[in-house]
$ cat my_file21.txt   # compact mmCIF, C-alpha atoms
# COMPACT_ATOMS: atom_id res chain seq x y z
CA MET X 4 2.20 -32.27 0.89
CA LEU X 5 5.16 -30.00 0.16
CA PRO X 6 7.10 -30.58 -3.11
CA GLU X 7 10.00 -33.02 -2.69
CA ALA X 8 12.43 -30.77 -4.58
CA PHE X 9 11.53 -27.88 -2.27
CA LEU X 10 12.10 -29.97 0.85
CA GLU X 11 15.49 -31.19 -0.39
CA ARG X 12 16.65 -27.65 -1.11
CA ILE X 13 15.37 -26.20 2.17
CA GLN X 14 17.05 -28.99 4.13
CA LYS X 15 20.38 -28.07 2.53
CA GLN X 16 19.74 -24.38 3.26
CA LEU X 17 18.78 -24.78 6.91
CA GLY X 18 20.65 -27.88 8.09
CA GLN X 19 19.84 -28.47 11.76
CA GLU X 20 17.05 -25.87 11.68
CA PHE X 21 15.11 -27.84 9.06
CA PRO X 22 12.84 -29.73 11.54
CA ALA X 23 11.89 -26.46 13.27
CA PHE X 24 11.05 -24.93 9.88
CA ILE X 25 8.78 -27.84 8.94
CA LYS X 26 7.10 -27.72 12.34
CA SER X 27 6.37 -24.00 11.87
CA LEU X 28 4.56 -24.70 8.59
CA GLU X 29 2.41 -27.29 10.36
CA SER X 30 1.40 -24.79 13.08
CA PRO X 31 -1.48 -22.28 12.79
CA ARG X 32 -0.31 -19.12 11.09
CA ALA X 33 -0.22 -15.76 12.81
CA VAL X 34 -2.43 -13.03 11.34
CA ALA X 35 -1.88 -9.30 11.71
CA LEU X 36 -3.21 -5.87 10.88
CA ARG X 37 -1.55 -2.50 10.56
CA PHE X 38 -3.17 0.68 11.81
CA ASN X 39 -3.35 3.53 9.32
CA PRO X 40 -1.63 6.62 10.79
CA LEU X 41 -3.42 8.81 8.24
CA LYS X 42 -6.60 7.90 10.14
CA ALA X 43 -5.76 6.76 13.65
CA LYS X 44 -3.10 5.81 16.15
CA PRO X 45 -2.94 2.21 17.41
CA MET X 46 -5.83 1.65 19.80
CA ALA X 47 -7.29 -1.07 21.96
CA LEU X 48 -9.72 -3.11 19.88
CA PRO X 49 -11.45 -6.38 20.83
CA PHE X 50 -9.44 -8.27 18.23
CA SER X 51 -5.97 -6.66 18.45
CA GLN X 52 -3.32 -8.44 20.52
CA GLU X 53 0.45 -7.99 20.89
CA PRO X 54 2.43 -5.64 18.63
CA VAL X 55 4.52 -6.66 15.63
CA PRO X 56 8.13 -5.93 16.75
CA TRP X 57 9.39 -4.39 13.48
CA GLU X 58 6.37 -2.18 12.69
CA GLU X 59 5.07 0.24 15.31
CA MET X 60 1.63 0.32 13.69
CA GLY X 61 1.37 -3.47 13.34
CA TYR X 62 -0.54 -5.80 15.68
CA TYR X 63 -1.36 -9.48 15.66
CA TYR X 64 -5.05 -10.30 15.99
CA ASP X 65 -7.31 -13.19 16.86
CA PRO X 66 -8.18 -14.94 13.56
CA GLU X 67 -11.65 -15.79 14.89
CA SER X 68 -12.52 -12.10 15.29
CA ARG X 69 -12.74 -11.31 11.53
CA PRO X 70 -11.76 -7.60 11.67
CA GLY X 71 -12.30 -7.33 7.91
CA LEU X 72 -16.04 -7.21 8.62
CA HIS X 73 -15.80 -4.35 11.14
CA PRO X 74 -16.91 -0.83 10.04
CA TYR X 75 -13.42 0.45 10.92
CA HIS X 76 -12.06 -1.66 8.06
CA GLU X 77 -14.40 0.06 5.60
CA ALA X 78 -13.32 3.42 7.03
CA GLY X 79 -9.65 2.60 6.37
CA VAL X 80 -8.63 2.65 10.03
CA TYR X 81 -6.42 -0.40 9.46
CA TYR X 82 -5.17 -2.75 6.76
CA LEU X 83 -5.02 -6.54 7.14
CA GLN X 84 -1.40 -7.43 6.35
CA GLU X 85 0.79 -10.44 7.04
CA ALA X 86 3.36 -9.47 9.69
CA SER X 87 6.59 -10.37 7.89
CA ALA X 88 5.34 -8.50 4.79
CA MET X 89 5.62 -5.32 6.88
CA ALA X 90 9.42 -5.69 7.04
CA PRO X 91 10.52 -4.28 3.64
CA VAL X 92 8.93 -0.86 4.26
CA ALA X 93 10.50 -0.78 7.72
CA LEU X 94 13.85 -1.18 5.93
CA LEU X 95 12.97 1.30 3.17
CA GLN X 96 12.36 4.02 5.81
CA PRO X 97 10.32 6.45 3.65
CA GLN X 98 10.03 9.99 5.00
CA PRO X 99 7.40 12.76 4.68
CA GLY X 100 8.05 15.01 1.70
CA GLU X 101 10.07 12.49 -0.30
CA ARG X 102 9.44 10.99 -3.73
CA VAL X 103 8.82 7.27 -3.34
CA CYS X 104 7.96 4.53 -5.84
CA ASP X 105 6.43 1.12 -5.10
CA LEU X 106 7.04 -0.62 -8.42
CA CYS X 107 5.05 -3.85 -7.88
CA ALA X 108 2.43 -2.50 -5.54
CA ALA X 109 -0.79 -4.58 -5.67
CA PRO X 110 -2.80 -5.28 -3.64
CA GLY X 111 -1.51 -2.28 -1.66
CA GLY X 112 -0.25 -3.47 1.73
CA LYS X 113 3.24 -2.08 1.38
CA THR X 114 2.07 0.97 -0.57
CA THR X 115 -0.36 2.04 2.15
CA GLN X 116 2.33 1.33 4.74
CA ILE X 117 4.65 3.69 2.83
CA ALA X 118 1.86 6.27 2.59
CA GLY X 119 1.34 6.17 6.35
CA ARG X 120 5.02 6.88 6.97
CA MET X 121 4.93 9.74 4.46
CA ASP X 122 2.05 11.34 6.39
CA GLY X 123 0.35 12.51 3.20
CA ARG X 124 3.34 14.64 2.18
CA GLY X 125 5.57 14.16 -0.86
CA PHE X 126 4.85 12.06 -3.93
CA LEU X 127 4.11 8.33 -3.99
CA LEU X 128 3.95 6.44 -7.29
CA CYS X 129 2.45 2.97 -6.90
CA ASN X 130 2.45 0.75 -9.97
CA GLU X 131 0.97 -2.62 -10.88
CA ILE X 132 1.43 -4.26 -14.29
CA ASN X 133 -1.67 -6.50 -13.99
CA PRO X 134 -4.81 -4.43 -14.80
CA LYS X 135 -7.16 -6.31 -12.44
CA ARG X 136 -4.71 -6.13 -9.55
CA ALA X 137 -4.09 -2.45 -10.33
CA LYS X 138 -7.80 -1.77 -9.74
CA ILE X 139 -7.61 -3.51 -6.35
CA LEU X 140 -4.56 -1.40 -5.53
CA SER X 141 -6.45 1.77 -6.46
CA ARG X 142 -9.40 0.80 -4.24
CA ASN X 143 -7.13 0.22 -1.25
CA ILE X 144 -5.41 3.57 -1.81
CA GLU X 145 -8.88 5.12 -1.71
CA ARG X 146 -10.07 3.17 1.35
CA LEU X 147 -7.10 4.22 3.45
CA GLY X 148 -7.49 7.89 2.51
CA VAL X 149 -4.11 8.31 0.80
CA PRO X 150 -4.03 11.78 -0.82
CA ASN X 151 -0.59 11.87 -2.47
CA ALA X 152 -0.49 8.68 -4.58
CA LEU X 153 -0.40 8.26 -8.35
CA VAL X 154 -1.65 4.76 -9.27
CA THR X 155 -0.34 3.47 -12.61
CA ASN X 156 -0.75 0.30 -14.68
CA GLU X 157 2.56 0.18 -16.56
CA HIS X 158 5.43 -2.15 -17.35
CA PRO X 159 8.29 -1.31 -14.95
CA GLN X 160 10.61 -0.68 -17.89
CA ALA X 161 8.25 1.97 -19.26
CA LEU X 162 8.33 3.87 -15.96
CA ALA X 163 12.13 3.53 -15.79
CA GLN X 164 12.43 5.15 -19.21
CA ARG X 165 9.93 7.89 -18.31
CA TYR X 166 11.20 8.87 -14.84
CA PRO X 167 14.89 7.93 -14.53
CA GLY X 168 16.53 9.07 -11.31
CA TYR X 169 13.37 10.74 -10.00
CA PHE X 170 12.77 8.93 -6.70
CA ASP X 171 14.41 9.18 -3.30
CA ARG X 172 13.33 5.64 -2.43
CA VAL X 173 12.13 2.71 -4.53
CA LEU X 174 10.60 -0.55 -3.35
CA VAL X 175 10.75 -3.58 -5.65
CA ASP X 176 8.57 -6.21 -3.98
CA ALA X 177 9.05 -8.59 -6.87
CA PRO X 178 6.64 -11.32 -8.00
CA CYS X 179 8.10 -14.63 -6.84
CA SER X 180 7.55 -18.37 -6.52
CA GLY X 181 5.59 -17.71 -3.32
CA GLU X 182 7.20 -20.23 -0.97
CA GLY X 183 6.29 -17.96 1.92
CA MET X 184 2.62 -18.49 0.97
CA PHE X 185 2.67 -22.31 1.35
CA ARG X 186 0.93 -22.23 4.72
CA LYS X 187 -1.62 -19.66 3.57
CA GLU X 188 -2.58 -20.80 0.05
CA GLU X 189 -2.71 -24.35 -1.29
CA ALA X 190 -2.36 -23.01 -4.84
CA ALA X 191 1.11 -21.73 -3.96
CA VAL X 192 2.16 -25.33 -3.29
CA THR X 193 0.57 -26.86 -6.38
CA ASP X 194 1.94 -24.13 -8.69
CA TRP X 195 5.51 -24.45 -7.40
CA SER X 196 8.31 -26.10 -9.38
CA PRO X 197 12.09 -25.67 -9.76
CA GLU X 198 11.38 -24.26 -13.23
CA THR X 199 9.07 -21.65 -11.69
CA VAL X 200 11.87 -20.56 -9.35
CA GLU X 201 14.26 -20.13 -12.28
CA MET X 202 11.65 -18.24 -14.32
CA CYS X 203 10.92 -15.92 -11.40
CA ALA X 204 14.62 -15.21 -10.86
CA ARG X 205 15.01 -14.06 -14.47
CA ARG X 206 11.93 -11.85 -14.24
CA GLN X 207 13.03 -10.41 -10.89
CA ALA X 208 16.42 -9.43 -12.30
CA GLU X 209 14.67 -7.54 -15.10
CA ILE X 210 12.29 -5.72 -12.71
CA LEU X 211 15.16 -4.86 -10.37
CA ARG X 212 17.08 -3.23 -13.22
CA SER X 213 14.04 -1.07 -13.96
CA GLY X 214 13.67 -0.18 -10.29
CA ALA X 215 17.31 0.83 -10.09
CA CYS X 216 16.87 3.26 -13.00
CA LEU X 217 14.19 5.08 -11.00
CA VAL X 218 16.46 5.73 -7.98
CA ARG X 219 18.10 9.13 -7.78
CA PRO X 220 21.82 9.42 -6.99
CA GLY X 221 22.15 8.93 -3.25
CA GLY X 222 18.74 7.25 -3.04
CA ARG X 223 17.72 3.94 -1.46
CA LEU X 224 16.41 0.79 -3.12
CA VAL X 225 14.83 -2.13 -1.26
CA TYR X 226 14.30 -5.44 -3.05
CA SER X 227 12.03 -8.02 -1.43
CA THR X 228 10.23 -11.31 -2.03
CA CYS X 229 8.05 -13.70 -0.04
CA THR X 230 10.07 -16.76 -1.04
CA PHE X 231 12.99 -18.72 0.46
CA ALA X 232 14.91 -19.62 -2.71
CA SER X 233 18.43 -18.17 -2.86
CA GLN X 234 18.11 -17.98 -6.65
CA GLU X 235 15.35 -15.37 -6.22
CA ASN X 236 16.99 -13.57 -3.34
CA GLU X 237 20.73 -13.38 -2.57
CA GLU X 238 21.77 -14.50 -6.06
CA VAL X 239 19.63 -11.81 -7.70
CA ILE X 240 21.27 -9.19 -5.48
CA THR X 241 24.79 -10.51 -6.07
CA HIS X 242 24.39 -10.40 -9.86
CA PHE X 243 22.77 -6.97 -9.69
CA LEU X 244 25.63 -5.47 -7.67
CA GLN X 245 28.17 -6.97 -10.06
CA GLU X 246 26.40 -5.31 -12.99
CA ASN X 247 25.71 -1.99 -11.20
CA PRO X 248 28.83 -0.71 -9.40
CA ASP X 249 27.06 2.55 -8.57
CA PHE X 250 24.92 0.59 -6.08
CA SER X 251 26.13 -0.87 -2.81
CA ALA X 252 24.66 -2.85 0.07
CA VAL X 253 23.57 -0.84 3.13
CA THR X 254 24.08 -1.95 6.71
CA VAL X 255 20.81 -1.46 8.59
CA ASP X 256 20.04 -2.14 12.24
CA ALA X 257 17.43 -4.90 12.07
CA PRO X 258 17.74 -7.07 15.21
CA TRP X 259 14.59 -9.11 14.50
CA PHE X 260 15.81 -10.44 11.15
CA THR X 261 18.46 -12.97 10.16
CA LYS X 262 21.29 -11.40 8.16
CA SER X 263 22.08 -13.46 5.05
CA GLY X 264 24.68 -11.30 3.32
CA ASP X 265 25.66 -7.65 2.95
CA GLY X 266 22.44 -5.68 3.11
CA CYS X 267 20.34 -8.89 2.93
CA PHE X 268 17.84 -10.03 5.54
CA ARG X 269 15.66 -13.11 6.01
CA LEU X 270 12.50 -13.59 8.02
CA TRP X 271 12.06 -17.29 8.72
CA PRO X 272 8.69 -18.61 9.97
CA HIS X 273 10.39 -20.80 12.59
CA LYS X 274 12.15 -17.78 14.11
CA LEU X 275 9.32 -15.25 14.31
CA ARG X 276 5.55 -14.92 13.98
CA GLY X 277 5.17 -14.54 10.23
CA GLU X 278 5.10 -16.44 6.95
CA GLY X 279 8.61 -15.46 5.90
CA HIS X 280 10.21 -12.80 3.72
CA PHE X 281 13.49 -11.64 2.16
CA ALA X 282 14.73 -8.08 1.80
CA ALA X 283 17.89 -6.38 0.59
CA VAL X 284 18.79 -2.73 1.22
CA LEU X 285 20.84 -0.96 -1.46
CA GLN X 286 21.99 2.61 -2.04
CA ARG X 287 22.96 4.44 -5.19
CA ALA X 288 26.14 6.50 -5.15
CA GLY X 289 26.15 10.21 -5.85
CA ASP X 290 24.32 13.36 -4.81
CA LYS X 291 20.70 14.30 -5.47
CA THR X 292 19.95 16.07 -8.73
CA ASP X 293 16.64 17.19 -10.19
CA SER X 294 16.11 17.97 -13.89
CA PHE X 295 12.33 17.44 -14.04
CA GLU X 296 9.97 20.31 -14.63
CA LYS X 297 6.62 20.41 -12.88
CA PRO X 298 3.74 20.55 -15.40
CA GLN X 299 1.17 23.32 -15.40
CA THR X 300 -1.98 22.64 -13.44
CA ALA X 301 -5.68 23.29 -13.85
CA ALA X 302 -7.41 25.83 -11.64
CA LEU X 303 -9.95 24.61 -9.08
CA PRO X 304 -13.40 25.24 -10.57
CA LYS X 305 -16.02 27.41 -8.87
CA PRO X 306 -18.44 24.53 -8.06
CA TRP X 307 -15.67 22.90 -6.00
CA GLN X 308 -14.86 26.16 -4.25
CA SER X 309 -18.51 26.64 -3.33
CA PHE X 310 -18.78 23.08 -2.00
CA ALA X 311 -15.48 23.32 -0.11
CA ASP X 312 -16.49 26.63 1.48
CA SER X 313 -19.88 25.24 2.53
CA MET X 314 -18.25 22.17 4.14
CA GLU X 315 -15.19 24.08 5.46
CA ILE X 316 -12.73 21.83 3.61
CA SER X 317 -9.11 22.91 3.17
CA LEU X 318 -6.76 21.09 0.81
CA PRO X 319 -3.02 20.54 1.48
CA GLU X 320 -0.29 21.69 -0.89
CA GLY X 321 -0.92 20.24 -4.35
CA LYS X 322 -2.42 20.90 -7.75
CA ALA X 323 -5.73 20.34 -9.52
CA VAL X 324 -5.93 17.70 -12.24
CA LEU X 325 -8.95 17.06 -14.47
CA PHE X 326 -9.00 13.33 -15.26
CA GLY X 327 -11.93 12.47 -17.47
CA GLN X 328 -15.03 13.86 -15.76
CA SER X 329 -13.41 13.78 -12.32
CA LEU X 330 -11.50 16.44 -10.44
CA TYR X 331 -8.40 15.26 -8.55
CA TRP X 332 -6.02 16.95 -6.15
CA ALA X 333 -2.52 15.72 -7.03
CA PRO X 334 0.75 16.00 -5.09
CA ALA X 335 2.82 19.01 -6.09
CA GLU X 336 5.81 16.78 -6.95
CA MET X 337 3.87 14.66 -9.45
CA PRO X 338 5.64 14.89 -12.84
CA ASP X 339 4.04 14.96 -16.28
CA ILE X 340 1.75 11.91 -16.65
CA ARG X 341 0.71 12.36 -20.29
CA GLY X 342 0.93 9.02 -22.10
CA VAL X 343 1.13 7.02 -18.84
CA LYS X 344 -1.59 4.46 -18.00
CA VAL X 345 -3.09 6.12 -14.92
CA LEU X 346 -5.86 4.83 -12.67
CA ARG X 347 -5.74 7.46 -9.94
CA PRO X 348 -3.72 10.73 -10.15
CA GLY X 349 -4.00 11.75 -6.50
CA LEU X 350 -7.02 12.38 -4.28
CA GLU X 351 -10.34 12.24 -6.11
CA LEU X 352 -12.43 15.24 -5.08
CA GLY X 353 -15.54 14.59 -7.17
CA GLU X 354 -17.33 15.51 -10.39
CA ILE X 355 -18.71 18.74 -11.84
CA LYS X 356 -22.26 18.08 -13.03
CA LYS X 357 -24.07 21.00 -14.66
CA ASP X 358 -22.31 23.60 -12.52
CA ARG X 359 -22.86 21.64 -9.31
CA PHE X 360 -20.32 19.56 -7.46
CA GLU X 361 -20.83 15.94 -6.39
CA PRO X 362 -18.19 14.77 -3.90
CA ALA X 363 -16.28 11.51 -4.42
CA HIS X 364 -16.22 8.62 -1.95
CA ALA X 365 -12.43 9.04 -1.78
CA LEU X 366 -12.86 12.56 -0.39
CA ALA X 367 -15.04 11.29 2.46
CA LEU X 368 -12.42 8.68 3.36
CA TRP X 369 -9.67 11.32 3.39
CA LEU X 370 -11.53 13.94 5.44
CA LYS X 371 -11.07 14.05 9.20
CA THR X 372 -13.90 16.51 9.72
CA ALA X 373 -16.33 18.79 7.91
CA LYS X 374 -18.91 21.41 8.80
CA THR X 375 -21.82 18.97 8.45
CA VAL X 376 -21.26 15.53 9.97
CA GLN X 377 -23.48 12.64 11.01
CA ASP X 378 -21.54 10.32 13.31
CA MET X 379 -22.55 6.79 14.30
CA PRO X 380 -21.01 4.31 16.76
CA ALA X 381 -19.33 1.26 15.23
CA GLU X 382 -21.70 -1.16 16.96
CA SER X 383 -24.86 0.77 16.15
CA ARG X 384 -27.77 -0.38 14.00
CA GLU X 385 -27.47 2.88 12.04
CA ILE X 386 -23.94 2.22 10.69
CA LYS X 387 -24.97 -1.29 9.65
CA ALA X 388 -27.97 0.18 7.85
CA TYR X 389 -25.76 2.79 6.18
CA LEU X 390 -23.31 0.15 4.92
CA HIS X 391 -26.31 -1.75 3.53
CA GLY X 392 -27.28 1.33 1.52
CA GLU X 393 -30.35 2.32 3.55
CA THR X 394 -31.57 5.86 4.17
CA LEU X 395 -31.27 7.25 7.70
CA PRO X 396 -33.31 9.71 9.76
CA SER X 397 -31.55 13.08 9.87
CA SER X 398 -32.25 16.74 10.43
CA GLU X 399 -29.34 17.73 8.18
CA LYS X 400 -29.86 19.45 4.84
CA GLY X 401 -27.52 19.12 1.88
CA TRP X 402 -24.30 17.12 1.75
CA CYS X 403 -23.23 15.47 4.99
CA LEU X 404 -20.04 13.60 5.86
CA VAL X 405 -20.97 10.25 7.43
CA THR X 406 -18.52 9.04 10.07
CA VAL X 407 -18.14 6.00 12.30
CA ASP X 408 -16.75 7.01 15.71
CA GLY X 409 -15.29 10.08 14.00
CA TYR X 410 -13.72 8.30 11.00
CA GLY X 411 -14.98 9.34 7.57
CA ILE X 412 -16.72 6.47 5.80
CA GLY X 413 -18.98 8.04 3.12
CA TRP X 414 -21.48 10.69 2.11
CA GLY X 415 -25.15 11.29 2.64
CA LYS X 416 -27.47 14.06 1.43
CA GLY X 417 -30.25 15.26 3.68
CA ASP X 418 -33.57 17.02 3.15
CA GLY X 419 -34.14 17.77 6.84
CA ILE X 420 -36.01 14.51 7.46
CA VAL X 421 -33.98 11.68 5.96
CA LEU X 422 -30.39 11.28 4.79
CA LYS X 423 -30.15 9.81 1.30
CA ASN X 424 -27.42 7.18 1.19
CA HIS X 425 -24.47 7.85 -1.14
CA TYR X 426 -22.33 4.91 -0.04
CA PRO X 427 -21.06 3.31 -3.31
CA LYS X 428 -23.34 0.49 -4.47
CA GLY X 429 -20.38 -1.74 -5.26
CA LEU X 430 -19.24 -1.58 -1.63
CA ARG X 431 -22.58 -2.17 0.07
CA ARG X 432 -23.02 -5.27 2.17
$ encode --input "my_file21.txt" --output "structure tokens"
Amino acid sequence: MLPEAFLERIQKQLGQEFPAFIKSLESPRAVALRFNPLKAKPMALPFSQEPVPWEEMGYYYDPESRPGLHPYHEAGVYYLQEASAMAPVALLQPQPGERVCDLCAAPGGKTTQIAGRMDGRGFLLCNEINPKRAKILSRNIERLGVPNALVTNEHPQALAQRYPGYFDRVLVDAPCSGEGMFRKEEAAVTDWSPETVEMCARRQAEILRSGACLVRPGGRLVYSTCTFASQENEEVITHFLQENPDFSAVTVDAPWFTKSGDGCFRLWPHKLRGEGHFAAVLQRAGDKTDSFEKPQTAALPKPWQSFADSMEISLPEGKAVLFGQSLYWAPAEMPDIRGVKVLRPGLELGEIKKDRFEPAHALALWLKTAKTVQDMPAESREIKAYLHGETLPSSEKGWCLVTVDGYGIGWGKGDGIVLKNHYPKGLRR
């Protein structure tokens, strides 16, 4: 049962389209996944169906097929993401080599979509204020093999004060009343109230102001929600533009979406295969300036060099960062992070333990190849055993990259007879 106040408001919003909207919420929802271009191009899989029109990497899938249980999911070949949630990044249009910020990033769908479009180049800051959700975000960054992301757990205002005007593009996918989740989650219905909508609108305005501070002159800002309330969408944008004359709405070619104002777009569930979304595209006036200095970096230690040489691993442009006991490879454009709550400062390479190097799971997920590889088919008994944490027969000696149909999924260490399993215990099935 949908809330009466919600139904009354939606009926006023949609008029003659109201019955079609209600019918769409009573129909089975469409489910989708997005291929990860850092790993693979879209391919024919038993569960993938027709493409999502606004995202070239997105495909609808058969909900009975459960692709989240397939080894390709563990290898980061794709990300399960609701189709209309793919729209804001399509409007953000991030490019390789840019500085991009996803300010409200958990669980990581839009962040990993941004990362795919950046092709591992440039600097991506993805932030989540909730500590538990920030850990989920960090795990998804790892699973999809994203090398150039800084994962933080900060209040948006703190980042705005620390890095004003630093980013070419900023996404503010703001927490909302979740009306676009009504068909998916019963809790979204029971938690909804007109007071919640008003509270969310106030919070969204505050987050949007912080996001705007992060945008460089001439940069782009996309604001989005998964709700239908005008108070959380068009009204937030209208008030923001009145208070920030250096920002203006941007006209973007988006034929699949319903235009609802200058720079504003709606995705309605009765007009397309998706749960619904809102997005607004804004641009800051001015020309790009850069007053930030790049901090000094640590040198790569000898144990890493020995390991990398033995496995024939080459790193892209970047810089070494020692973070606790772990060695990371950070994007060259990453600014000073001292004093910032950081979960992941780039690609985790591994740990130095008594002058020997132990590779991180994240490195295996990023690698496309290595000198020593043990590959297994996705439908094989061996890959199932590996994901369970079992040892495998192997003639390899030393560290070995384990792959599934060529996609890095973890590490093993051989003695010439068996391969000891180094798949993380917390991920084993």
$ atom_distance --input "my_file21.txt" --atom1 "atom CA of X:Gly111" --atom2 "atom CA of X:Lys262"
26.4 Å
$ residues_around --input "my_file21.txt" --residues "X:Gly264" --least-positions-apart "4" --cutoff "10 Å" --atoms "all atoms listed in the file" --output "VMD selection string"
chain X and resid 237 240 to 241 252 254 268 to 269 283
$ residues_around --input "my_file21.txt" --residues "stretch 394-410 of chain X" --least-positions-apart "4" --cutoff "9 Å" --atoms "only C-alpha atoms" --output "compact mmCIF listing (two decimals) with C-alpha atoms, in the coordinates of the input"
# COMPACT_ATOMS: atom_id res chain seq x y z
CA LYS X 42 -6.60 7.90 10.14
CA ALA X 43 -5.76 6.76 13.65
CA PRO X 74 -16.91 -0.83 10.04
CA TYR X 75 -13.42 0.45 10.92
CA ALA X 78 -13.32 3.42 7.03
CA GLY X 79 -9.65 2.60 6.37
CA VAL X 80 -8.63 2.65 10.03
CA PHE X 310 -18.78 23.08 -2.00
CA MET X 314 -18.25 22.17 4.14
CA GLU X 361 -20.83 15.94 -6.39
CA PRO X 362 -18.19 14.77 -3.90
CA ALA X 367 -15.04 11.29 2.46
CA LEU X 368 -12.42 8.68 3.36
CA LEU X 370 -11.53 13.94 5.44
CA LYS X 371 -11.07 14.05 9.20
CA THR X 372 -13.90 16.51 9.72
CA ALA X 373 -16.33 18.79 7.91
CA LYS X 374 -18.91 21.41 8.80
CA THR X 375 -21.82 18.97 8.45
CA VAL X 376 -21.26 15.53 9.97
CA GLN X 377 -23.48 12.64 11.01
CA ASP X 378 -21.54 10.32 13.31
CA MET X 379 -22.55 6.79 14.30
CA PRO X 380 -21.01 4.31 16.76
CA ALA X 381 -19.33 1.26 15.23
CA GLU X 385 -27.47 2.88 12.04
CA ILE X 386 -23.94 2.22 10.69
CA ALA X 388 -27.97 0.18 7.85
CA TYR X 389 -25.76 2.79 6.18
CA TRP X 414 -21.48 10.69 2.11
CA GLY X 415 -25.15 11.29 2.64
CA LYS X 416 -27.47 14.06 1.43
CA GLY X 417 -30.25 15.26 3.68
CA ASP X 418 -33.57 17.02 3.15
CA GLY X 419 -34.14 17.77 6.84
CA ILE X 420 -36.01 14.51 7.46
CA VAL X 421 -33.98 11.68 5.96
CA LEU X 422 -30.39 11.28 4.79
CA LYS X 423 -30.15 9.81 1.30
CA ASN X 424 -27.42 7.18 1.19
$ closest_residue --input "my_file21.txt" --among "X:Leu162, X:Ala232, X:Ala301, X:Ile355" --to "X:Lys15" --atoms "only C-alpha atoms"
X:Ala232
$ residues_around --input "my_file21.txt" --residues "X:Gln96" --least-positions-apart "6" --cutoff "9 Å" --atoms "only C-alpha atoms" --output "VMD selection string"
chain X and resid 117 120 172
$ write_last_selection --input "my_file21.txt" --atoms "C-alpha atoms" --output "compact mmCIF listing (two decimals), keeping the file's coordinate frame"
# COMPACT_ATOMS: atom_id res chain seq x y z
CA ILE X 117 4.65 3.69 2.83
CA ARG X 120 5.02 6.88 6.97
CA ARG X 172 13.33 5.64 -2.43
$ atom_distance --input "my_file21.txt" --atom1 "atom CA of X:Pro6" --atom2 "atom CA of X:Ser27"
16.4 Å
$ residues_near_point --input "my_file21.txt" --point "(2.7, -0.5, -12.9)" --cutoff "10 Å" --atoms "only C-alpha atoms" --output "list in words"
Asp105, Leu106, Cys107, Ala108, Ala109, Leu128, Cys129, Asn130, Glu131, Ile132, Asn133, Pro134, Arg136, Ala137, Val154, Thr155, Asn156, Glu157, His158, Pro159, Gln160, Ala161, Leu162, Val343, Lys344 and Val345 of chain X
$ closest_residue --input "my_file21.txt" --among "X:Arg32, X:Arg432, X:His273, X:Arg12" --to "X:Val200" --atoms "all atoms listed in the file"
X:Arg12
$ atom_distance --input "my_file21.txt" --atom1 "atom CA of X:Met202" --atom2 "atom CA of X:Cys229"
15.4 Å
$ residues_around --input "my_file21.txt" --residues "X:Trp259" --least-positions-apart "5" --cutoff "10 Å" --atoms "only C-alpha atoms" --output "VMD selection string"
chain X and resid 56 to 57 90 268 to 270 274 to 275
$ axis_aligned_box --input "my_file21.txt" --around "stretch 48-63 of chain X" --padding-each-side "3 Å" --output "JSON"
{"center_x": -1.0, "center_y": -4.6, "center_z": 16.8, "size_x": 26.8, "size_y": 15.8, "size_z": 14.2}
$ closest_residue --input "my_file21.txt" --among "X:Trp369, X:Phe50, X:Phe126, X:Phe24" --to "X:Leu147" --atoms "all atoms listed in the file"
X:Trp369
$ closest_residue --input "my_file21.txt" --among "X:Pro150, X:Gly266, X:Gly277, X:Gly119" --to "X:Leu224" --atoms "only C-alpha atoms"
X:Gly266
$ residues_around --input "my_file21.txt" --residues "X:Cys104" --least-positions-apart "4" --cutoff "12 Å" --atoms "all atoms listed in the file" --output "count of residues only"
48
$ closest_residue --input "my_file21.txt" --among "X:Ala302, X:Val239, X:Leu17, X:Leu325" --to "X:Ala204" --atoms "all atoms listed in the file"
X:Val239
$ closest_residue --input "my_file21.txt" --among "X:Lys138, X:Ala191, X:Lys357, X:Thr228" --to "X:Pro178" --atoms "all atoms listed in the file"
X:Thr228
$ decode --input "my_file21.txt" --residues "stretch 271-289 of chain X" --atoms "C-alpha atoms" --output "JSON list (two decimals), in the first residue's frame"
[["chain", "number", "residue", "atom", "x", "y", "z"],
["X", 271, "TRP", "CA", 9.76, 7.89, -15.01],
["X", 272, "PRO", "CA", 9.13, 4.15, -14.52],
["X", 273, "HIS", "CA", 6.05, 4.25, -16.76],
["X", 274, "LYS", "CA", 8.09, 5.67, -19.65],
["X", 275, "LEU", "CA", 11.16, 3.43, -19.60],
["X", 276, "ARG", "CA", 12.54, 0.24, -18.07],
["X", 277, "GLY", "CA", 13.82, 1.51, -14.75],
["X", 278, "GLU", "CA", 12.78, 2.52, -11.24],
["X", 279, "GLY", "CA", 13.00, 6.25, -11.86],
["X", 280, "HIS", "CA", 15.56, 9.00, -11.32],
["X", 281, "PHE", "CA", 16.14, 12.76, -11.46],
["X", 282, "ALA", "CA", 19.23, 14.58, -12.67],
["X", 283, "ALA", "CA", 20.27, 18.17, -13.25],
["X", 284, "VAL", "CA", 23.32, 19.28, -15.25],
["X", 285, "LEU", "CA", 25.04, 22.50, -14.15],
["X", 286, "GLN", "CA", 28.21, 24.32, -15.14],
["X", 287, "ARG", "CA", 30.37, 26.78, -13.27],
["X", 288, "ALA", "CA", 31.46, 29.93, -15.06],
["X", 289, "GLY", "CA", 35.11, 30.79, -15.59]]
